[in-house]
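Structure file input16.cif with mmCIF, C-alpha atoms:
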data_target
loop_
_atom_site.label_atom_id
_atom_site.label_comp_id
_atom_site.auth_asym_id
_atom_site.auth_seq_id
_atom_site.Cartn_x
_atom_site.Cartn_y
_atom_site.Cartn_z
CA MET A 1 82.19 158.61 169.50
CA ASP A 2 83.61 157.77 172.91
CA ASP A 3 81.75 157.64 176.24
CA THR A 4 82.77 161.18 177.23
CA GLN A 5 81.49 162.57 173.93
CA ARG A 6 78.22 160.61 174.30
CA GLU A 7 77.74 162.05 177.78
CA THR A 8 78.52 165.60 176.55
CA LEU A 9 76.05 165.15 173.70
CA PHE A 10 73.37 163.88 176.08
CA LEU A 11 73.89 166.85 178.42
CA THR A 12 73.80 169.27 175.48
CA ILE A 13 70.56 167.86 174.05
CA LYS A 14 69.01 167.70 177.53
CA ALA A 15 69.98 171.36 178.06
CA VAL A 16 68.47 172.23 174.66
CA ILE A 17 65.12 170.50 175.38
CA ASP A 18 64.92 171.71 179.01
CA GLY A 19 65.81 175.22 177.82
CA ILE A 20 63.15 175.22 175.11
CA ILE A 21 60.42 174.07 177.50
CA ALA A 22 61.48 176.75 180.03
CA ASP A 23 61.54 179.38 177.27
CA LYS A 24 58.06 178.40 176.06
CA ARG A 25 56.76 178.48 179.65
CA GLU A 26 57.59 182.19 179.71
CA ASN A 27 54.75 182.73 177.23
CA PRO A 28 51.38 182.11 178.96
CA LYS A 29 49.87 181.21 175.58
CA ASN A 30 51.86 177.97 175.70
CA THR A 31 50.82 176.90 179.19
CA LYS A 32 47.73 174.88 178.27
CA ARG A 33 49.48 173.04 175.47
CA LEU A 34 52.59 172.28 177.53
CA ASP A 35 50.48 171.07 180.46
CA SER A 36 48.22 168.86 178.36
CA PHE A 37 50.78 167.22 176.09
CA GLU A 38 51.61 163.71 177.22
CA GLY A 39 53.97 161.34 175.54
CA ARG A 40 56.73 158.80 175.86
CA ILE A 41 59.19 159.35 173.06
CA ASN A 42 62.41 157.59 172.20
CA ILE A 43 64.80 159.86 170.35
CA GLY A 44 67.67 158.36 168.39
CA LEU A 45 70.53 160.78 167.79
CA HIS A 46 72.13 159.61 164.57
CA VAL A 47 75.71 160.69 165.21
CA GLU A 48 77.67 158.49 162.83
CA GLU A 49 76.81 156.28 159.87
CA ASP A 50 76.53 153.25 162.14
CA GLU A 51 75.90 154.83 165.52
CA ILE A 52 72.73 156.09 167.14
CA VAL A 53 72.74 157.49 170.69
CA TRP A 54 69.37 156.91 172.32
CA ILE A 55 67.70 159.26 174.73
CA ASN A 56 64.05 159.60 175.74
CA LEU A 57 61.57 162.29 176.59
CA ILE A 58 58.64 161.73 178.93
CA ALA A 59 55.96 164.39 179.09
CA LYS A 60 53.39 163.94 181.84
CA ASP A 61 51.34 166.33 183.98
CA GLY A 62 53.23 169.31 182.60
CA GLU A 63 56.61 167.85 183.54
CA TYR A 64 59.18 167.11 180.85
CA THR A 65 61.99 164.70 181.60
CA VAL A 66 64.90 163.87 179.33
CA SER A 67 66.84 160.72 180.19
CA ARG A 68 69.39 158.39 178.67
CA ASP A 69 68.55 155.22 176.69
CA THR A 70 65.20 154.00 175.37
CA LEU A 71 61.83 153.47 176.99
CA GLU A 72 60.36 149.99 176.64
CA GLU A 73 56.87 151.39 176.26
CA ARG A 74 56.78 154.36 173.94
CA ASP A 75 54.31 156.27 171.80
CA LEU A 76 56.82 157.44 169.26
CA GLU A 77 60.31 156.74 168.10
CA LEU A 78 62.21 159.48 166.29
CA ILE A 79 65.61 159.30 164.68
CA ALA A 80 67.52 162.39 163.53
CA ASP A 81 71.02 163.77 163.24
CA PRO A 82 71.35 165.97 166.37
CA GLU A 83 72.40 168.90 164.20
CA ASP A 84 69.20 168.62 162.12
CA LEU A 85 67.22 168.22 165.33
CA MET A 86 68.73 171.45 166.62
CA PHE A 87 67.83 173.32 163.44
CA PHE A 88 64.32 171.89 163.79
CA CYS A 89 64.17 173.12 167.38
CA ASN A 90 65.29 176.65 166.48
CA GLY A 91 62.71 176.85 163.70
CA GLN A 92 65.18 176.83 160.82
CA TYR A 93 63.93 173.45 159.52
CA SER A 94 60.20 172.79 159.21
CA VAL A 95 58.59 169.41 159.87
CA MET A 96 58.12 169.06 156.11
CA HIS A 97 61.81 169.78 155.53
CA MET A 98 62.76 167.22 158.16
CA MET A 99 60.49 164.57 156.67
CA MET A 100 61.33 165.14 153.03
CA LYS A 101 65.02 166.07 152.90
CA LYS A 102 67.92 163.69 153.35
CA ASN A 103 70.61 164.03 155.98
CA ARG A 104 74.36 163.63 155.62
CA PHE A 105 73.96 159.85 155.89
CA GLY A 106 71.51 159.72 152.97
CA LYS A 107 68.52 159.03 155.24
CA ARG A 108 65.46 161.19 155.81
CA LYS A 109 66.31 163.95 158.28
CA LEU A 110 63.46 162.79 160.51
CA ARG A 111 62.45 159.16 160.64
CA PHE A 112 59.74 157.96 162.95
CA LYS A 113 57.97 154.83 164.12
CA GLY A 114 54.71 154.59 166.01
CA LYS A 115 51.10 155.40 165.33
CA ALA A 116 50.70 158.37 167.63
CA TYR A 117 50.43 160.80 164.75
CA GLY A 118 48.67 163.34 166.93
CA LYS A 119 51.69 163.49 169.21
CA LEU A 120 54.01 163.69 166.21
CA LEU A 121 52.06 166.60 164.79
CA ALA A 122 52.02 168.32 168.18
CA LEU A 123 55.80 168.09 168.59
CA PRO A 124 56.64 171.34 166.78
CA LYS A 125 54.42 173.19 169.25
CA ILE A 126 56.38 171.64 172.10
CA LEU A 127 59.95 171.44 170.86
CA VAL A 128 60.30 174.39 168.51
CA LEU A 129 61.33 177.73 170.00
CA ASP A 130 58.87 180.58 169.72
CA LYS A 131 60.02 183.39 167.47
CA LYS A 132 61.11 186.53 169.33
CA MET B 1 101.52 183.53 162.15
CA VAL B 2 100.30 184.10 165.70
CA LYS B 3 99.91 181.49 168.38
CA PHE B 4 96.34 180.44 169.16
CA GLY B 5 95.27 181.60 172.59
CA SER B 6 97.89 184.37 172.83
CA GLN B 7 96.92 187.99 173.56
CA GLU B 8 98.12 188.91 170.07
CA TRP B 9 95.72 186.33 168.62
CA ALA B 10 92.91 187.70 170.81
CA GLU B 11 93.44 191.22 169.47
CA LEU B 12 93.48 190.00 165.87
CA PHE B 13 90.27 188.09 166.57
CA GLU B 14 88.61 191.25 167.90
CA ASN B 15 89.61 193.08 164.70
CA ALA B 16 88.45 190.19 162.53
CA VAL B 17 85.02 190.07 164.18
CA ASN B 18 84.62 193.82 163.82
CA ALA B 19 85.52 193.59 160.14
CA ASN B 20 82.96 190.84 159.50
CA GLU B 21 79.80 192.46 158.13
CA ALA B 22 77.93 189.15 158.05
CA TYR B 23 78.56 188.76 161.77
CA ALA B 24 77.44 192.34 162.43
CA LYS B 25 74.17 191.59 160.64
CA ALA B 26 73.56 188.16 162.16
CA ALA B 27 74.31 189.35 165.69
CA ASP B 28 72.83 192.84 165.65
CA TRP B 29 70.53 191.85 168.51
CA TRP B 30 73.07 189.86 170.52
CA GLU B 31 74.15 190.85 174.01
CA GLY B 32 76.32 188.47 175.99
CA ASP B 33 80.01 187.85 176.45
CA PHE B 34 81.77 184.54 176.06
CA ILE B 35 84.66 182.65 177.52
CA PHE B 36 86.42 180.52 174.94
CA GLN B 37 88.00 177.75 176.96
CA ILE B 38 90.85 175.85 175.37
CA ASP B 39 91.52 172.63 177.21
CA PRO B 40 94.96 171.02 177.23
CA HIS B 41 95.91 168.55 174.52
CA GLY B 42 99.13 167.71 172.70
CA GLY B 43 101.60 170.55 173.12
CA LEU B 44 99.30 172.59 175.36
CA ASP B 45 99.74 171.62 178.99
CA LYS B 46 97.42 174.10 180.68
CA GLN B 47 93.99 175.54 180.09
CA ILE B 48 93.64 178.87 178.29
CA ARG B 49 90.60 181.09 178.80
CA VAL B 50 89.82 183.91 176.41
CA TRP B 51 87.19 186.48 177.30
CA VAL B 52 85.26 187.74 174.26
CA GLY B 53 82.99 190.75 174.67
CA LEU B 54 80.07 190.74 172.23
CA HIS B 55 77.41 193.42 171.95
CA HIS B 56 75.03 194.14 169.09
CA GLY B 57 77.15 192.70 166.31
CA LYS B 58 80.45 194.09 167.55
CA CYS B 59 83.32 192.65 169.54
CA THR B 60 83.86 195.02 172.45
CA GLY B 61 87.11 193.40 173.56
CA CYS B 62 89.04 190.17 173.62
CA GLN B 63 91.46 189.23 176.34
CA VAL B 64 93.36 186.18 177.48
CA LEU B 65 92.75 185.70 181.19
CA LYS B 66 95.78 185.43 183.44
CA ASP B 67 96.08 182.42 185.74
CA ASP B 68 94.91 184.44 188.75
CA GLU B 69 92.03 186.10 186.90
CA ASP B 70 88.61 184.53 187.18
CA PHE B 71 85.36 185.04 185.33
CA HIS B 72 81.76 184.97 186.47
CA LEU B 73 79.13 183.01 184.56
CA LEU B 74 75.91 185.02 184.76
CA LYS B 75 72.72 183.09 185.46
CA LYS B 76 69.79 183.59 183.12
CA GLY B 77 68.29 187.01 183.85
CA GLU B 78 71.18 188.07 186.09
CA LYS B 79 72.35 191.58 185.25
CA PRO B 80 76.09 192.24 184.92
CA SER B 81 77.42 194.20 187.91
CA GLY B 82 80.07 195.96 185.85
CA LYS B 83 82.96 193.84 187.08
CA PRO B 84 85.30 192.46 184.41
CA PHE B 85 84.76 189.11 182.75
CA GLU B 86 81.07 188.58 183.50
CA VAL B 87 79.93 186.23 180.75
CA GLU B 88 76.77 184.51 179.63
CA TYR B 89 78.46 181.56 177.91
CA ILE B 90 81.44 179.27 178.04
CA TYR B 91 82.36 177.44 174.86
CA ALA B 92 84.86 174.78 175.87
CA SER B 93 86.82 172.27 173.92
CA ARG B 94 90.19 170.60 173.68
CA LEU B 95 92.91 172.29 171.67
CA ASP B 96 92.77 169.72 168.85
CA VAL B 97 89.04 170.35 168.40
CA TRP B 98 89.55 174.13 168.33
CA GLU B 99 92.23 173.54 165.70
CA LYS B 100 89.78 171.58 163.53
CA ILE B 101 87.15 174.30 163.94
CA LEU B 102 89.54 177.11 163.03
CA LYS B 103 90.83 175.18 160.04
CA LYS B 104 87.20 174.78 158.86
CA GLU B 105 87.45 170.99 159.20
CA LEU B 106 84.70 170.95 161.83
CA ASP B 107 81.65 173.16 162.12
CA PRO B 108 81.33 174.71 165.62
CA ILE B 109 77.72 173.52 165.89
CA ARG B 110 78.66 170.01 164.84
CA ALA B 111 81.50 170.07 167.37
CA LEU B 112 78.86 170.76 169.98
CA LEU B 113 76.50 168.09 168.74
CA SER B 114 79.15 165.43 168.42
CA GLY B 115 80.16 165.86 172.04
CA GLN B 116 83.55 167.34 171.14
CA ALA B 117 82.69 170.79 172.46
CA LYS B 118 80.51 171.95 175.29
CA VAL B 119 78.56 175.14 175.75
CA THR B 120 77.38 176.35 179.13
CA GLY B 121 74.71 179.05 179.32
CA ASP B 122 71.13 179.73 178.27
CA MET B 123 70.46 177.36 175.36
CA PRO B 124 67.40 178.97 173.73
CA LYS B 125 69.23 182.26 173.25
CA ILE B 126 72.19 180.57 171.61
CA LEU B 127 69.89 178.40 169.47
CA ARG B 128 68.55 181.63 168.01
CA ALA B 129 72.07 182.72 167.15
CA THR B 130 73.50 179.83 165.13
CA GLU B 131 74.31 182.05 162.15
CA ALA B 132 76.12 184.48 164.38
CA ALA B 133 78.09 181.63 165.92
CA LYS B 134 79.18 180.45 162.52
CA GLU B 135 80.24 183.96 161.52
CA LEU B 136 82.17 184.32 164.75
CA VAL B 137 84.19 181.26 163.80
CA ALA B 138 84.46 182.45 160.20
CA SER B 139 86.11 185.59 161.58
CA ALA B 140 88.66 183.48 163.44
CA THR B 141 89.51 181.49 160.32
CA THR B 142 90.84 184.68 158.68
CA ILE B 143 93.70 184.79 161.20
CA GLU B 144 96.88 182.93 160.27
CA THR B 145 97.05 180.82 163.38
CA GLU B 146 99.83 178.67 164.73
CA PHE B 147 98.82 175.82 167.01
CA PHE B 148 100.76 174.08 169.77
CA ASP B 149 102.60 171.00 168.48
#
What is this file in structure tokens?
Amino acid sequence: MDDTQRETLFLTIKAVIDGIIADKRENPKNTKRLDSFEGRINIGLHVEEDEIVWINLIAKDGEYTVSRDTLEERDLELIADPEDLMFFCNGQYSVMHMMMKKNRFGKRKLRFKGKAYGKLLALPKILVLDKK
Amino acid sequence: MVKFGSQEWAELFENAVNANEAYAKAADWWEGDFIFQIDPHGGLDKQIRVWVGLHHGKCTGCQVLKDDEDFHLLKKGEKPSGKPFEVEYIYASRLDVWEKILKKELDPIRALLSGQAKVTGDMPKILRATEAAKELVASATTIETEFFD
């Protein structure tokens, strides 16, 4: 993957996450959860066998910011093929599916590090689109 | 064989989408037109833009834009005014990537998530339509397409 493709991927994933948060904000039932969730999460986009593109998500005071690279201090570290991540975000893949099934590289679809299990378990409520 | 990005190809694509029952089912709720943007590469020296009208599982029209014709990308929630070529999405990629997609060598979603293609428009709506997107491409793969050398 070249630099242009990495940048396009970053902008796409950022648009996906920003779009999901905005979509969930349209439902008042999500407001409390979105406002109270706090976390610093490194997300590794496993794009090729030997290449991971790192981005991060900071959630604080109801604001969600997606940026390039990793955070030095983080609560969670997730690694997933961006395609699997997208199917997780649109509700096609459950957390269980992501944790149990293997991806095209022979790794678990969702790998994680960190002990913030509460934040991990809350992620589907934050990053998965509501059904319409 | 018809040349990719020609008006003849566009008309065959419209027919192919309308003959695709799986697309009709997957996109029965969909409203929102597209611009397929083919960026120059190899034998293609200028950008081609194809307007694709999509409404409730049917293709309402498909047209190659002339050089002096422009389109309008609607913002989220913005209602179409009725003018031609008002679209909700642009799917853009280089010619060689389109070729891989249409030859089934590259999935359109993977093209997007490997940075080889770019979509502009409301992401949540399109995330809910991944099956429809795949069927749209499946329709295109039924056309015997000639690419620019």
- Message: What's around segment 43-57 of chain A at 7 Å? Count only C-alpha atoms, leave out sequence neighbours fewer than 6 positions away in its own chain, and write the answer as a list in words.
- Response: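 Selected residues are Tyr64, Thr65, Val66, Ser67, Arg68, Asp69, Thr70, Leu71, Glu77, Leu78, Ile79, Ala80, Asp81, Pro82 and Phe105 of chain A; Ser114 of chain B.
Residues from chain A found within 8 Å of chain B are A:Met1, A:Thr4, A:Gln5, A:Arg6, A:Glu7, A:Thr8, A:Leu9, A:Thr12, A:Ile13, A:Ala15, A:Val16, A:Gly19, A:Ile20, A:Asp23, A:Val47, A:Pro82, A:Glu83, A:Met86, A:Asn90, A:Leu129, counting all atoms listed in the file.
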C-alpha atoms of the current selection, written as a PDB file, in the frame of the given file:
ATOM      1  CA  MET A   1      82.190 158.610 169.500  1.00  0.00           C
ATOM      2  CA  THR A   4      82.770 161.180 177.230  1.00  0.00           C
ATOM      3  CA  GLN A   5      81.490 162.570 173.930  1.00  0.00           C
ATOM      4  CA  ARG A   6      78.220 160.610 174.300  1.00  0.00           C
ATOM      5  CA  GLU A   7      77.740 162.050 177.780  1.00  0.00           C
ATOM      6  CA  THR A   8      78.520 165.600 176.550  1.00  0.00           C
ATOM      7  CA  LEU A   9      76.050 165.150 173.700  1.00  0.00           C
ATOM      8  CA  THR A  12      73.800 169.270 175.480  1.00  0.00           C
ATOM      9  CA  ILE A  13      70.560 167.860 174.050  1.00  0.00           C
ATOM     10  CA  ALA A  15      69.980 171.360 178.060  1.00  0.00           C
ATOM     11  CA  VAL A  16      68.470 172.230 174.660  1.00  0.00           C
ATOM     12  CA  GLY A  19      65.810 175.220 177.820  1.00  0.00           C
ATOM     13  CA  ILE A  20      63.150 175.220 175.110  1.00  0.00           C
ATOM     14  CA  ASP A  23      61.540 179.380 177.270  1.00  0.00           C
ATOM     15  CA  VAL A  47      75.710 160.690 165.210  1.00  0.00           C
ATOM     16  CA  PRO A  82      71.350 165.970 166.370  1.00  0.00           C
ATOM     17  CA  GLU A  83      72.400 168.900 164.200  1.00  0.00           C
ATOM     18  CA  MET A  86      68.730 171.450 166.620  1.00  0.00           C
ATOM     19  CA  ASN A  90      65.290 176.650 166.480  1.00  0.00           C
ATOM     20  CA  LEU A 129      61.330 177.730 170.000  1.00  0.00           C
TER      21      LEU A 129
END
- Message: Here is a test: counting only C-alpha atoms, which residue of A:Leu123, A:Glu63, A:Lys102, A:Leu11 is nearest to Thr31 of chain A?
- Response: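 Closest candidate: A:Glu63.
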- Query: Could you state the separation of atom CA of Arg74 of chain A and atom CA of Lys60 of chain A in Å, given to one decimal place?
  - Reply: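 That distance, rounded to one decimal, is 12.9 Å.
Distances from B:Asp45, B:Glu11, B:Glu78, B:Glu131 to Cys59 of chain B were compared using all atoms listed in the file, and the smallest one belongs to B:Glu11.
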- Would you work out the distance separating atom CA of His41 of chain B from atom CA of Tyr91 of chain B, expressed in Å to one decimal?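 Separation of atom CA of His41 of chain B and atom CA of Tyr91 of chain B: 16.2 Å.
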- Straight-line distance linking atom CA of Asp96 of chain B with atom CA of Ala140 of chain B, stated in Å to one decimal: 15.3 Å
- Task: Considering only C-alpha atoms, state which residue in the set B:Arg94, B:Lys79, B:Lys3, B:His72 is at the smallest distance from Lys46 of chain B.
- Result: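 Counting only C-alpha atoms, the residue closest to Lys46 of chain B is B:Arg94.
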- Which residue, B:Asp33, B:Asp39, B:Glu144, B:Glu105, has the smallest gap to Leu73 of chain B when you use only C-alpha atoms?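 When distances to Leu73 of chain B are compared using only C-alpha atoms, the smallest one comes from B:Asp33.
When you apply the PyMOL selection byres ((chain A and resi 122) around 12) to this structure, what comes back is Arg33, Leu34, Ser36, Phe37, Glu38, Gly39, Leu76, Val95, Ala116, Tyr117, Gly118, Lys119, Leu120, Leu121, Leu123, Pro124, Lys125, Ile126, Leu127 and Val128 of chain A.
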- Item | Non-local contacts of segment 13-20 of chain B (12 Å; all atoms listed in the file; under 2 positions in same chain excluded) as a count of residues only | 48
- Query: For Glu86 of chain B, which residue among B:Leu12, B:Met1, B:Ile35, B:Leu44 is the nearest when counting all atoms listed in the file?
  - Reply: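 Checking each candidate against Glu86 of chain B, we get B:Ile35 as the closest.
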- Message: So that I can check the surroundings of Met100 of chain A, please list as a PyMOL selection string every protein, DNA and RNA residue that reaches within 9 Å of it, counting all atoms listed in the file and ignoring chain neighbours fewer than 3 positions away.
- Response: chain A and resi 95-97+108-110
